[in-house]
>>> print(open('coords-v2.txt').read())   # compact mmCIF, C-alpha atoms
# COMPACT_ATOMS: atom_id res chain seq x y z
CA MET A 693 -18.13 -25.50 9.19
CA ASN A 694 -15.67 -22.78 10.12
CA LYS A 695 -13.54 -25.22 12.05
CA GLU A 696 -13.49 -27.50 9.04
CA LEU A 697 -12.39 -24.65 6.82
CA GLU A 698 -9.67 -23.71 9.28
CA HIS A 699 -8.51 -27.24 9.50
CA SER A 700 -8.28 -27.74 5.74
CA PHE A 701 -6.48 -24.43 5.37
CA VAL A 702 -3.89 -25.16 8.02
CA GLU A 703 -3.28 -28.57 6.56
CA LEU A 704 -2.67 -27.12 3.10
CA LEU A 705 -0.49 -24.31 4.37
CA GLU A 706 1.58 -26.64 6.48
CA LYS A 707 2.18 -28.82 3.47
CA HIS A 708 3.07 -25.96 1.11
CA GLN A 709 4.71 -23.60 3.59
CA ASN A 710 8.00 -23.79 1.78
CA ILE A 711 6.59 -21.52 -0.94
CA VAL A 712 5.83 -18.82 1.62
CA HIS A 713 9.23 -19.26 3.25
CA LYS A 714 10.87 -18.79 -0.12
CA VAL A 715 8.98 -15.55 -0.78
CA CYS A 716 10.06 -14.33 2.65
CA ARG A 717 13.66 -15.25 1.97
CA LEU A 718 13.69 -13.13 -1.16
CA TYR A 719 11.97 -10.08 0.27
CA THR A 720 13.45 -9.81 3.73
CA ASN A 721 16.92 -9.55 5.19
CA ASN A 722 16.60 -11.00 8.63
CA GLN A 723 14.71 -13.52 10.66
CA ASP A 724 12.39 -11.00 12.36
CA ALA A 725 11.28 -9.53 9.08
CA HIS A 726 10.98 -13.02 7.65
CA ASN A 727 8.59 -14.01 10.44
CA ASP A 728 6.63 -10.78 10.03
CA LEU A 729 6.11 -11.31 6.34
CA PHE A 730 5.26 -14.98 6.85
CA GLN A 731 2.65 -13.89 9.36
CA GLU A 732 1.12 -11.32 7.00
CA ILE A 733 1.02 -13.75 4.07
CA THR A 734 -0.69 -16.30 6.31
CA ILE A 735 -3.34 -13.73 7.27
CA GLN A 736 -3.92 -12.75 3.65
CA LEU A 737 -4.10 -16.37 2.53
CA TRP A 738 -6.61 -17.16 5.25
CA LYS A 739 -8.70 -14.08 4.48
CA ALA A 740 -8.86 -15.02 0.81
CA TYR A 741 -9.26 -18.74 1.45
CA PRO A 742 -13.08 -18.82 1.43
CA LYS A 743 -12.87 -17.55 -2.16
CA PHE A 744 -10.39 -20.21 -3.10
CA ARG A 745 -12.06 -22.76 -5.28
CA GLY A 746 -10.45 -26.04 -5.94
CA ASP A 747 -10.15 -25.21 -9.63
CA ALA A 748 -6.77 -23.58 -9.09
CA LYS A 749 -3.99 -25.51 -7.47
CA PHE A 750 -3.49 -24.34 -3.90
CA SER A 751 0.21 -23.88 -4.51
CA THR A 752 -0.37 -21.77 -7.67
CA TRP A 753 -2.80 -19.66 -5.73
CA MET A 754 -0.24 -19.26 -2.95
CA TYR A 755 2.35 -17.84 -5.32
CA ARG A 756 -0.02 -15.06 -6.26
CA VAL A 757 -1.17 -14.15 -2.76
CA GLY A 758 2.36 -14.51 -1.38
CA LEU A 759 3.95 -12.27 -3.99
CA ASN A 760 1.12 -9.74 -3.84
CA THR A 761 1.56 -9.46 -0.12
CA ALA A 762 5.31 -9.02 -0.45
CA ILE A 763 5.09 -6.50 -3.30
CA THR A 764 2.10 -4.45 -2.20
CA LEU A 765 0.47 -5.12 1.12
CA TYR A 766 3.36 -5.73 3.41
CA ARG A 767 4.62 -2.78 5.35
CA LYS A 768 8.08 -3.21 6.69
CA SER A 769 7.83 -3.08 10.43
CA LYS A 770 10.37 -1.26 12.53
CA ARG A 771 11.74 -4.54 13.65
CA SER A 772 12.96 -5.33 10.16
CA ILE A 773 15.39 -2.44 10.19
CA LYS A 774 17.65 -4.27 12.60
CA THR A 775 20.79 -5.10 10.78
CA GLN A 776 21.43 -8.74 10.62
CA GLU A 777 23.01 -9.98 7.46
CA PHE A 778 20.72 -12.17 5.45
CA GLU A 779 23.52 -14.53 4.62
CA SER A 780 23.81 -15.64 8.18
CA VAL A 781 20.12 -16.40 8.49
CA SER A 782 18.34 -17.10 5.29
CA PHE A 783 20.96 -18.85 3.33
CA LYS A 784 22.58 -21.15 5.75
CA ILE A 785 24.26 -23.38 3.29
CA LYS A 786 24.82 -26.86 4.44
CA ALA A 787 28.13 -28.44 3.76
CA GLU A 788 27.41 -30.87 1.03
CA ALA A 789 29.02 -32.03 -2.13
CA TYR A 790 29.07 -28.52 -3.58
CA ASP A 791 32.55 -27.46 -4.48
CA ASP A 792 33.96 -24.25 -3.14
CA THR A 793 33.81 -22.10 -6.25
CA GLU A 794 30.22 -23.05 -6.86
CA GLU A 795 29.41 -22.32 -3.26
CA GLN A 796 31.08 -18.96 -3.50
CA GLN A 797 29.23 -18.18 -6.70
CA LEU A 798 25.92 -19.12 -5.13
CA LYS A 799 26.50 -16.80 -2.23
CA LEU A 800 27.23 -13.96 -4.60
CA LEU A 801 24.18 -14.84 -6.66
CA TYR A 802 21.84 -14.73 -3.69
CA LYS A 803 23.37 -11.45 -2.66
CA ALA A 804 22.88 -10.06 -6.17
CA VAL A 805 19.24 -11.18 -6.26
CA HIS A 806 18.68 -9.34 -3.02
CA GLN A 807 19.80 -6.14 -4.68
CA LEU A 808 17.06 -6.34 -7.33
CA ASN A 809 13.87 -4.31 -6.98
CA ASP A 810 10.56 -5.85 -5.86
CA ILE A 811 9.24 -6.58 -9.33
CA GLU A 812 12.52 -8.05 -10.55
CA LYS A 813 12.61 -10.27 -7.50
CA ALA A 814 9.12 -11.51 -8.32
CA LEU A 815 10.23 -12.42 -11.83
CA VAL A 816 13.30 -14.22 -10.58
CA PHE A 817 11.27 -16.02 -7.93
CA LEU A 818 8.74 -17.34 -10.44
CA TYR A 819 11.54 -18.28 -12.78
CA LEU A 820 13.37 -20.18 -10.06
CA GLU A 821 10.13 -21.95 -9.22
CA ASP A 822 10.02 -23.14 -12.82
CA LYS A 823 6.91 -21.18 -13.76
CA ASN A 824 6.44 -20.62 -17.48
CA TYR A 825 6.10 -17.15 -18.97
CA ASN A 826 2.36 -17.51 -19.25
CA GLU A 827 2.06 -18.01 -15.51
CA ILE A 828 4.56 -15.24 -14.81
CA SER A 829 2.63 -12.80 -16.98
CA GLU A 830 -0.67 -13.73 -15.33
CA THR A 831 0.69 -13.40 -11.83
CA LEU A 832 2.20 -9.99 -12.43
CA GLY A 833 -0.39 -8.62 -14.85
CA ILE A 834 2.00 -7.95 -17.72
CA SER A 835 2.07 -9.45 -21.19
CA GLU A 836 4.04 -12.60 -21.88
CA VAL A 837 6.34 -10.78 -24.30
CA ASN A 838 7.09 -8.13 -21.72
CA ALA A 839 7.72 -10.77 -19.09
CA ARG A 840 10.34 -12.34 -21.38
CA VAL A 841 11.92 -8.99 -22.20
CA LYS A 842 12.06 -8.06 -18.54
CA MET A 843 13.50 -11.44 -17.57
CA ASN A 844 16.31 -10.99 -20.06
CA ARG A 845 17.02 -7.57 -18.63
CA VAL A 846 17.09 -9.01 -15.13
CA LYS A 847 19.56 -11.67 -16.24
CA LYS A 848 21.78 -8.96 -17.69
CA LYS A 849 21.44 -6.90 -14.56
CA LEU A 850 22.47 -9.86 -12.43
CA LYS A 851 25.50 -10.39 -14.65
CA THR A 852 26.52 -6.77 -14.17
CA ILE A 853 26.09 -6.98 -10.43
CA LEU A 854 28.19 -10.15 -10.36
CA ASN A 855 30.91 -8.89 -12.70
CA PRO A 856 31.11 -5.16 -12.23
CA MET B 77 26.60 -22.46 -17.01
CA ASP B 78 24.09 -19.65 -16.86
CA GLU B 79 24.15 -18.01 -13.44
CA LEU B 80 20.42 -18.29 -13.00
CA GLU B 81 20.47 -21.97 -13.87
CA LEU B 82 22.98 -22.55 -11.13
CA LEU B 83 20.76 -20.63 -8.75
CA LYS B 84 17.72 -22.58 -9.87
CA LYS B 85 19.44 -25.87 -9.23
CA ASP B 86 20.25 -24.79 -5.71
CA TRP B 87 16.85 -23.16 -5.15
CA GLN B 88 15.03 -26.34 -6.00
CA SER B 89 17.34 -28.65 -4.18
CA ASP B 90 16.45 -30.06 -0.80
CA ARG B 91 19.06 -28.04 0.93
CA SER B 92 17.12 -24.86 0.28
CA LYS B 93 14.33 -26.26 2.42
CA ASN B 94 16.22 -25.40 5.53
CA GLU B 95 13.66 -23.13 7.11
CA PRO B 96 12.45 -24.44 10.41
CA ALA B 97 9.14 -25.86 9.26
CA LEU B 98 6.11 -24.64 11.17
CA SER B 99 3.70 -27.09 12.69
CA SER B 100 -0.05 -26.68 12.38
CA GLU B 101 -0.14 -25.68 16.04
CA GLU B 102 2.08 -22.74 15.16
CA ILE B 103 0.04 -21.80 12.10
CA TYR B 104 -3.34 -21.65 13.86
CA PRO B 105 -2.60 -18.58 16.00
CA MET B 106 -0.94 -16.85 13.05
CA MET B 107 -4.10 -16.90 10.94
CA HIS B 108 -6.04 -14.96 13.51
CA LYS B 109 -3.55 -12.23 14.22
CA LYS B 110 -4.36 -8.71 13.05
CA SER B 111 -3.16 -7.80 9.61
CA SER B 112 -0.83 -4.86 9.33
CA SER B 113 -1.30 -4.49 5.60
CA ILE B 114 -1.23 -1.21 3.79
CA VAL B 115 -4.88 -1.56 2.78
CA LYS B 116 -5.89 -1.70 6.39
CA THR B 117 -3.87 1.40 7.22
CA LEU B 118 -5.36 3.20 4.24
CA PHE B 119 -8.82 2.16 5.35
CA TYR B 120 -8.36 3.61 8.84
CA ILE B 121 -6.92 6.80 7.42
CA SER B 122 -9.88 7.27 5.08
CA ILE B 123 -12.35 6.72 7.91
CA ALA B 124 -10.48 9.23 10.06
CA GLU B 125 -10.44 11.61 7.13
CA LEU B 126 -14.19 11.36 6.62
CA ILE B 127 -14.98 11.82 10.28
CA PHE B 128 -12.51 14.67 10.67
CA TRP B 129 -14.07 16.75 7.91
CA VAL B 130 -17.61 15.96 8.91
CA ILE B 131 -16.81 17.16 12.44
CA ILE B 132 -14.98 20.25 11.23
CA ASN B 133 -17.97 21.16 9.10
CA SER B 134 -20.66 20.29 11.63
CA ILE B 135 -19.41 21.39 15.04
CA PRO B 136 -19.74 25.14 14.54
CA TYR B 137 -23.05 24.69 12.81
CA PHE B 138 -24.60 22.63 15.57
CA SER B 139 -22.92 24.20 18.52
CA SER B 140 -24.06 27.78 18.32
CA GLU B 141 -27.34 29.48 17.48
CA GLU B 142 -25.46 32.65 16.84
CA TYR B 143 -23.19 31.10 14.27
CA ARG B 144 -26.19 29.67 12.45
CA ALA B 145 -27.88 33.03 12.48
CA ASP B 146 -24.68 34.61 11.19
CA LEU B 147 -24.45 32.06 8.43
CA ALA B 148 -28.07 32.59 7.48
CA ALA B 149 -27.49 36.32 7.38
CA MET B 150 -24.41 35.77 5.26
CA TYR B 151 -26.25 33.69 2.70
CA GLY B 152 -29.21 36.04 2.62
CA ASN B 153 -31.75 33.40 3.57
CA SER B 154 -31.74 30.04 5.27
CA THR B 155 -32.94 28.09 2.22
CA ILE B 156 -29.64 28.61 0.48
CA LEU B 157 -27.81 27.65 3.64
CA LEU B 158 -29.88 24.48 3.94
CA ALA B 159 -29.24 23.65 0.30
CA ILE B 160 -25.50 24.12 0.76
CA THR B 161 -25.51 21.97 3.90
CA LEU B 162 -27.47 19.21 2.18
CA PHE B 163 -25.16 19.37 -0.80
CA GLY B 164 -22.22 19.01 1.59
CA TYR B 165 -23.65 15.83 3.09
CA ALA B 166 -24.55 14.45 -0.32
CA VAL B 167 -20.94 14.86 -1.39
CA ILE B 168 -19.76 13.06 1.75
CA LEU B 169 -22.17 10.19 1.07
CA ALA B 170 -20.98 10.00 -2.51
CA PHE B 171 -17.40 9.72 -1.30
CA VAL B 172 -18.33 7.06 1.24
CA TYR B 173 -19.95 5.05 -1.54
CA LEU B 174 -16.97 5.47 -3.86
CA LEU B 175 -14.56 4.48 -1.12
CA TYR B 176 -16.62 1.44 -0.24
CA LYS B 177 -16.70 0.33 -3.86
CA SER B 178 -13.02 0.95 -4.21
CA TYR B 179 -12.12 -1.08 -1.11
CA LYS B 180 -14.34 -3.88 -2.32
CA SER B 181 -12.39 -4.02 -5.56
CA ILE B 182 -9.10 -4.66 -3.76
CA SER B 183 -8.42 -8.35 -3.88
CA VAL B 184 -5.21 -10.05 -2.96
CA THR B 185 -5.96 -12.73 -5.53
CA ASP B 186 -5.83 -10.31 -8.47
CA ASN B 187 -2.65 -10.02 -10.47
CA ALA B 188 -0.03 -7.72 -8.99
CA LYS B 189 -0.62 -4.87 -11.38
CA ARG B 190 -4.37 -4.75 -10.91
CA LEU B 191 -3.98 -4.99 -7.16
CA LEU B 192 -1.55 -2.07 -7.13
CA LYS B 193 -3.83 -0.08 -9.39
CA ASN B 194 -6.89 -0.65 -7.23
CA ILE B 195 -5.07 0.37 -4.07
CA LEU B 196 -3.71 3.51 -5.70
CA ASN B 197 -7.20 4.30 -7.00
CA THR B 198 -8.57 4.13 -3.48
CA ARG B 199 -5.91 6.55 -2.42
CA LYS B 200 -6.94 8.83 -5.28
CA ILE B 201 -10.53 8.94 -4.02
CA ILE B 202 -9.30 9.98 -0.58
CA LYS B 203 -7.14 12.57 -2.29
CA TYR B 204 -10.11 14.03 -4.16
CA TYR B 205 -12.08 14.11 -0.95
CA VAL B 206 -9.32 16.07 0.72
CA ILE B 207 -8.98 18.45 -2.23
CA TYR B 208 -12.73 18.98 -2.20
CA ASN B 209 -12.61 19.85 1.48
CA LEU B 210 -9.65 22.14 1.08
CA VAL B 211 -11.39 23.99 -1.75
CA VAL B 212 -14.56 24.30 0.33
CA ALA B 213 -12.54 25.45 3.32
CA PHE B 214 -10.75 28.00 1.17
CA LEU B 215 -13.98 29.30 -0.38
CA SER B 216 -15.76 29.61 2.93
CA MET B 217 -12.78 31.39 4.43
CA ALA B 218 -12.61 33.80 1.52
CA PHE B 219 -16.34 34.30 1.54
CA GLY B 220 -16.43 34.71 5.32
CA LEU B 221 -13.64 37.28 5.24
CA TYR B 222 -15.30 39.15 2.43
CA TYR B 223 -18.55 39.18 4.36
CA MET B 224 -16.82 40.36 7.49
CA VAL B 225 -14.97 43.18 5.78
CA TYR B 226 -17.67 44.49 3.49
CA VAL B 227 -21.03 43.41 4.85
CA ASN B 228 -20.81 42.99 8.62
CA PRO B 229 -21.78 46.45 9.92
CA GLU B 230 -19.37 46.55 12.88
CA VAL B 231 -16.30 45.28 11.14
CA SER B 232 -16.87 47.09 7.87
CA GLN B 233 -17.19 50.29 9.82
CA GLN B 234 -13.73 49.72 11.21
CA PHE B 235 -12.30 48.83 7.87
CA ALA B 236 -13.78 51.94 6.33
CA GLU B 237 -11.64 53.94 8.71
CA PHE B 238 -8.45 52.14 7.64
CA SER B 239 -5.92 54.00 5.59
CA ASP B 240 -4.81 52.47 2.29
CA LYS B 241 -1.67 51.18 3.90
CA GLN B 242 -3.55 49.58 6.78
CA MET B 243 -6.01 48.04 4.34
CA PHE B 244 -3.15 46.64 2.30
CA ILE B 245 -1.53 45.10 5.38
CA ALA B 246 -4.84 43.64 6.58
CA THR B 247 -5.57 42.10 3.18
CA THR B 248 -2.07 40.71 2.85
CA LEU B 249 -2.29 39.20 6.31
CA MET B 250 -5.60 37.55 5.50
CA ILE B 251 -4.29 36.11 2.25
CA LEU B 252 -1.14 34.86 3.95
CA PHE B 253 -3.17 33.30 6.74
CA THR B 254 -5.40 31.48 4.27
CA LEU B 255 -2.47 30.29 2.19
CA GLY B 256 -0.61 29.20 5.31
CA PHE B 257 -3.57 27.16 6.42
CA LEU B 258 -3.81 25.42 3.05
CA LEU B 259 -0.07 24.83 2.87
CA ILE B 260 0.03 23.13 6.24
CA PHE B 261 -2.73 20.75 5.20
CA TRP B 262 -1.14 20.05 1.87
CA LEU B 263 2.25 19.27 3.45
CA PHE B 264 0.58 17.06 6.03
CA TYR B 265 -1.05 14.94 3.31
CA ARG B 266 2.05 14.82 1.18
CA ILE B 267 4.01 13.43 4.08
CA ILE B 268 1.43 10.88 5.21
CA TYR B 269 0.69 9.42 1.80
CA GLY B 270 4.17 9.94 0.48
CA ILE B 271 5.66 7.70 3.12
CA LEU B 272 2.82 5.22 3.14
CA LEU B 273 2.62 4.62 -0.58
CA ARG B 274 6.17 5.16 -1.75
CA ARG B 275 6.83 1.49 -2.33
CA LEU B 276 3.48 0.93 -4.01
CA ASN B 277 4.00 3.77 -6.40
CA LYS B 278 7.47 2.57 -7.22
CA ASN B 279 6.32 -0.97 -7.96
CA TYR B 280 3.34 0.17 -9.98
CA LYS B 281 5.53 2.42 -12.09
CA GLU B 282 7.93 -0.45 -12.63
CA LEU B 283 5.12 -2.65 -13.97
CA LYS B 284 3.67 0.18 -16.05
CA LYS B 285 7.08 0.86 -17.54
CA LEU B 286 7.08 -2.63 -19.01
CA GLU B 287 4.16 -1.75 -21.23
CA VAL B 288 5.81 1.08 -23.06
>>> encode(input="coords-v2.txt", output="structure tokens")
Amino acid sequence: MNKELEHSFVELLEKHQNIVHKVCRLYTNNQDAHNDLFQEITIQLWKAYPKFRGDAKFSTWMYRVGLNTAITLYRKSKRSIKTQEFESVSFKIKAEAYDDTEEQQLKLLYKAVHQLNDIEKALVFLYLEDKNYNEISETLGISEVNARVKMNRVKKKLKTILNP
Amino acid sequence: MDELELLKKDWQSDRSKNEPALSSEEIYPMMHKKSSSIVKTLFYISIAELIFWVIINSIPYFSSEEYRADLAAMYGNSTILLAITLFGYAVILAFVYLLYKSYKSISVTDNAKRLLKNILNTRKIIKYYVIYNLVVAFLSMAFGLYYMVYVNPEVSQQFAEFSDKQMFIATTLMILFTLGFLLIFWLFYRIIYGILLRRLNKNYKELKKLEV
């Protein structure tokens, strides 16, 4: 029974791991910290998995546990203090058909997002993942109106960071 | 184009999936590693806290006949002492129950605000437990000193011979000693919980702020 549970969990996590990686990218600055957070989210997901009922989508459920771990449960380990610029690790941008200015702008954008506080990052993350305000409000525990208001403020804040 | 829209386009594109994907063989060992979450740390601290105060309160009581006799003499009769001791344990049990309930209510699948609130509530219970113990420690110290100075025949004899100035110095020293003891504890807790929960408090405030 337990083995079955483990197996189904690992299969689901393997399939949806990109969600966890994305949370880690937003909340950490280097590969060590990224791995640490990934590890902790995996533990929390597994611990909560027996309570997971198929009525929620596994991915939706992962957003909540992943963000909760990043915002509340995760304690930055000493290893994460090592200075390694996030640009060089997390946002390796492959040379594709993106033109230079857009590329440059994206780099700045990612950098700006990293300067936001934990809650603002959560909002941006859910927004980037195309979640609607209802889902955002339920994940964070704030009202939908307040989620919208806050999102607008975050957009403004990003603008100010980008064009000081 | 809106900055965030540009970011979204990139975020959702395939090229943002450039993390080295983990295989199931790599995920298996990860699930069974020990969590280093803040709740776990808080849990260990609260257990240590409970045990520490139980020991502090019990060791002298159980270790020496003389001390027990002294205490009984201090309280007039042993029934009151027994009642106070039982009350002390009842309070500890009540705190254990409250802590247990509080830990049970922490669920990683709640929304972020409720999760933060439940963790901070747990911390509050530990805080009340500590305050309770500090108050008890303070009262017993004050009571003990009072007993020593005014009731204990040997010591009170000595004090009776003190001049006003000596009495003043002795009293001041005792008050300073008691305050110093409390201050050290208070600072100790401020530092431990301050560091541990700084981020949590900050995030909770940020979410609360949105409601105003």
>>> residues_around(input="coords-v2.txt", residues="B:Thr247", least_positions_apart="2", cutoff="12 Å", atoms="all atoms listed in the file", output="list in words")
Ala218, Leu221, Tyr222, Val225, Phe235, Phe238, Asp240, Lys241, Gln242, Met243, Phe244, Ile245, Leu249, Met250, Ile251, Leu252, Phe253 and Thr254 of chain B
>>> residues_around(input="coords-v2.txt", residues="A:Val837", least_positions_apart="3", cutoff="12 Å", atoms="only C-alpha atoms", output="list in words")
Asn824, Tyr825, Asn826, Ile828, Ser829, Glu830, Gly833, Ile834, Arg840, Val841, Lys842, Met843 and Asn844 of chain A; Leu286, Glu287 and Val288 of chain B
>>> closest_residue(input="coords-v2.txt", among="A:Ala839, A:Asp792, A:Trp753, A:Asn710", to="B:Trp87", atoms="only C-alpha atoms")
A:Asn710
>>> closest_residue(input="coords-v2.txt", among="B:Glu237, B:Glu125, B:Glu101, B:Glu141", to="chain A", atoms="all atoms listed in the file")
B:Glu101
>>> atom_distance(input="coords-v2.txt", atom1="atom CA of A:Leu765", atom2="atom CA of B:Leu273")
10.1 Å
>>> atom_distance(input="coords-v2.txt", atom1="atom CA of B:Val172", atom2="atom CA of B:Tyr143")
27.8 Å
>>> closest_atom_pairs(input="coords-v2.txt", of="chain B", to="chain A", cutoff="7 Å", atoms="all atoms listed in the file", output="JSON lines")
{"residue": "B:Leu83", "atom": "CA", "partner": "A:Leu798", "partner_atom": "CA", "distance": 6.5}
{"residue": "B:Lys84", "atom": "CA", "partner": "A:Leu820", "partner_atom": "CA", "distance": 5.0}
{"residue": "B:Trp87", "atom": "CA", "partner": "A:Leu820", "partner_atom": "CA", "distance": 6.7}
{"residue": "B:Arg91", "atom": "CA", "partner": "A:Lys786", "partner_atom": "CA", "distance": 6.8}
{"residue": "B:Lys93", "atom": "CA", "partner": "A:Asn710", "partner_atom": "CA", "distance": 6.8}
{"residue": "B:Leu98", "atom": "CA", "partner": "A:Glu706", "partner_atom": "CA", "distance": 6.8}
{"residue": "B:Ser99", "atom": "CA", "partner": "A:Glu706", "partner_atom": "CA", "distance": 6.6}
{"residue": "B:Ser100", "atom": "CA", "partner": "A:Val702", "partner_atom": "CA", "distance": 6.0}
{"residue": "B:Ile103", "atom": "CA", "partner": "A:Val702", "partner_atom": "CA", "distance": 6.6}
{"residue": "B:Tyr104", "atom": "CA", "partner": "A:Val702", "partner_atom": "CA", "distance": 6.8}
{"residue": "B:Met106", "atom": "CA", "partner": "A:Gln731", "partner_atom": "CA", "distance": 5.9}
{"residue": "B:Met107", "atom": "CA", "partner": "A:Ile735", "partner_atom": "CA", "distance": 4.9}
{"residue": "B:His108", "atom": "CA", "partner": "A:Ile735", "partner_atom": "CA", "distance": 6.9}
{"residue": "B:Ser111", "atom": "CA", "partner": "A:Glu732", "partner_atom": "CA", "distance": 6.1}
{"residue": "B:Ser113", "atom": "CA", "partner": "A:Leu765", "partner_atom": "CA", "distance": 4.9}
{"residue": "B:Ile114", "atom": "CA", "partner": "A:Leu765", "partner_atom": "CA", "distance": 5.0}
{"residue": "B:Val115", "atom": "CA", "partner": "A:Leu765", "partner_atom": "CA", "distance": 6.6}
{"residue": "B:Val184", "atom": "CA", "partner": "A:Val757", "partner_atom": "CA", "distance": 5.8}
{"residue": "B:Thr185", "atom": "CA", "partner": "A:Val757", "partner_atom": "CA", "distance": 5.7}
{"residue": "B:Asn187", "atom": "CA", "partner": "A:Thr831", "partner_atom": "CA", "distance": 4.9}
{"residue": "B:Ala188", "atom": "CA", "partner": "A:Leu832", "partner_atom": "CA", "distance": 4.7}
{"residue": "B:Lys189", "atom": "CA", "partner": "A:Gly833", "partner_atom": "CA", "distance": 5.1}
{"residue": "B:Arg190", "atom": "CA", "partner": "A:Gly833", "partner_atom": "CA", "distance": 6.8}
{"residue": "B:Leu192", "atom": "CA", "partner": "A:Thr764", "partner_atom": "CA", "distance": 6.6}
{"residue": "B:Leu276", "atom": "CA", "partner": "A:Thr764", "partner_atom": "CA", "distance": 5.8}
{"residue": "B:Asn279", "atom": "CA", "partner": "A:Ile811", "partner_atom": "CA", "distance": 6.5}
{"residue": "B:Leu286", "atom": "CA", "partner": "A:Asn838", "partner_atom": "CA", "distance": 6.1}
>>> atom_distance(input="coords-v2.txt", atom1="atom CA of B:Val167", atom2="atom CA of B:Gly256")
25.8 Å
>>> residues_around(input="coords-v2.txt", residues="B:Ser134", least_positions_apart="6", cutoff="12 Å", atoms="only C-alpha atoms", output="PyMOL selection string")
chain B and resi 127-128+140+143-144+161-162+164-165
>>> closest_residue(input="coords-v2.txt", among="B:Ile156, B:Ala236, B:Ile168, B:Leu283", to="B:Val206", atoms="all atoms listed in the file")
B:Ile168
>>> residues_around(input="coords-v2.txt", residues="B:Lys180", least_positions_apart="2", cutoff="12 Å", atoms="all atoms listed in the file", output="list of chain:residue names")
B:Val115, B:Phe119, B:Tyr173, B:Leu174, B:Leu175, B:Tyr176, B:Lys177, B:Ser178, B:Ile182, B:Ser183, B:Val184, B:Leu191, B:Asn194, B:Ile195, B:Asn197, B:Thr198
>>> closest_residue(input="coords-v2.txt", among="B:Ile135, B:Leu126, B:Leu157, B:Val211", to="B:Leu169", atoms="only C-alpha atoms")
B:Leu126
>>> decode(input="coords-v2.txt", residues="stretch 714-725 of chain A", atoms="N, CA, C and O atoms", output="JSON list (two decimals), in the first residue's frame")
[["chain", "number", "residue", "atom", "x", "y", "z"],
["A", 714, "LYS", "N", 9.99, 26.17, -10.63],
["A", 714, "LYS", "CA", 9.69, 27.59, -10.85],
["A", 714, "LYS", "C", 9.56, 28.34, -9.53],
["A", 714, "LYS", "O", 10.00, 29.49, -9.41],
["A", 715, "VAL", "N", 8.94, 27.71, -8.54],
["A", 715, "VAL", "CA", 8.86, 28.34, -7.21],
["A", 715, "VAL", "C", 10.28, 28.57, -6.69],
["A", 715, "VAL", "O", 10.62, 29.65, -6.20],
["A", 716, "CYS", "N", 11.12, 27.56, -6.83],
["A", 716, "CYS", "CA", 12.49, 27.67, -6.34],
["A", 716, "CYS", "C", 13.25, 28.79, -7.05],
["A", 716, "CYS", "O", 14.04, 29.50, -6.46],
["A", 717, "ARG", "N", 13.00, 28.91, -8.35],
["A", 717, "ARG", "CA", 13.69, 29.96, -9.10],
["A", 717, "ARG", "C", 13.34, 31.35, -8.57],
["A", 717, "ARG", "O", 14.17, 32.24, -8.53],
["A", 718, "LEU", "N", 12.08, 31.52, -8.20],
["A", 718, "LEU", "CA", 11.65, 32.83, -7.71],
["A", 718, "LEU", "C", 12.20, 33.14, -6.33],
["A", 718, "LEU", "O", 12.52, 34.27, -6.02],
["A", 719, "TYR", "N", 12.27, 32.12, -5.48],
["A", 719, "TYR", "CA", 12.57, 32.39, -4.07],
["A", 719, "TYR", "C", 14.02, 32.16, -3.68],
["A", 719, "TYR", "O", 14.37, 32.35, -2.53],
["A", 720, "THR", "N", 14.83, 31.69, -4.59],
["A", 720, "THR", "CA", 16.23, 31.49, -4.21],
["A", 720, "THR", "C", 17.16, 32.16, -5.22],
["A", 720, "THR", "O", 16.75, 32.48, -6.33],
["A", 721, "ASN", "N", 18.40, 32.34, -4.81],
["A", 721, "ASN", "CA", 19.35, 33.05, -5.65],
["A", 721, "ASN", "C", 20.47, 32.19, -6.21],
["A", 721, "ASN", "O", 21.28, 32.65, -6.99],
["A", 722, "ASN", "N", 20.56, 30.99, -5.75],
["A", 722, "ASN", "CA", 21.64, 30.15, -6.29],
["A", 722, "ASN", "C", 21.24, 28.69, -6.28],
["A", 722, "ASN", "O", 20.23, 28.30, -5.68],
["A", 723, "GLN", "N", 22.06, 27.90, -6.94],
["A", 723, "GLN", "CA", 21.69, 26.51, -7.16],
["A", 723, "GLN", "C", 21.57, 25.71, -5.86],
["A", 723, "GLN", "O", 20.66, 24.89, -5.70],
["A", 724, "ASP", "N", 22.44, 25.98, -4.90],
["A", 724, "ASP", "CA", 22.38, 25.26, -3.61],
["A", 724, "ASP", "C", 21.06, 25.51, -2.91],
["A", 724, "ASP", "O", 20.41, 24.59, -2.43],
["A", 725, "ALA", "N", 20.70, 26.78, -2.84],
["A", 725, "ALA", "CA", 19.45, 27.15, -2.18],
["A", 725, "ALA", "C", 18.26, 26.57, -2.95],
["A", 725, "ALA", "O", 17.29, 26.10, -2.36]]
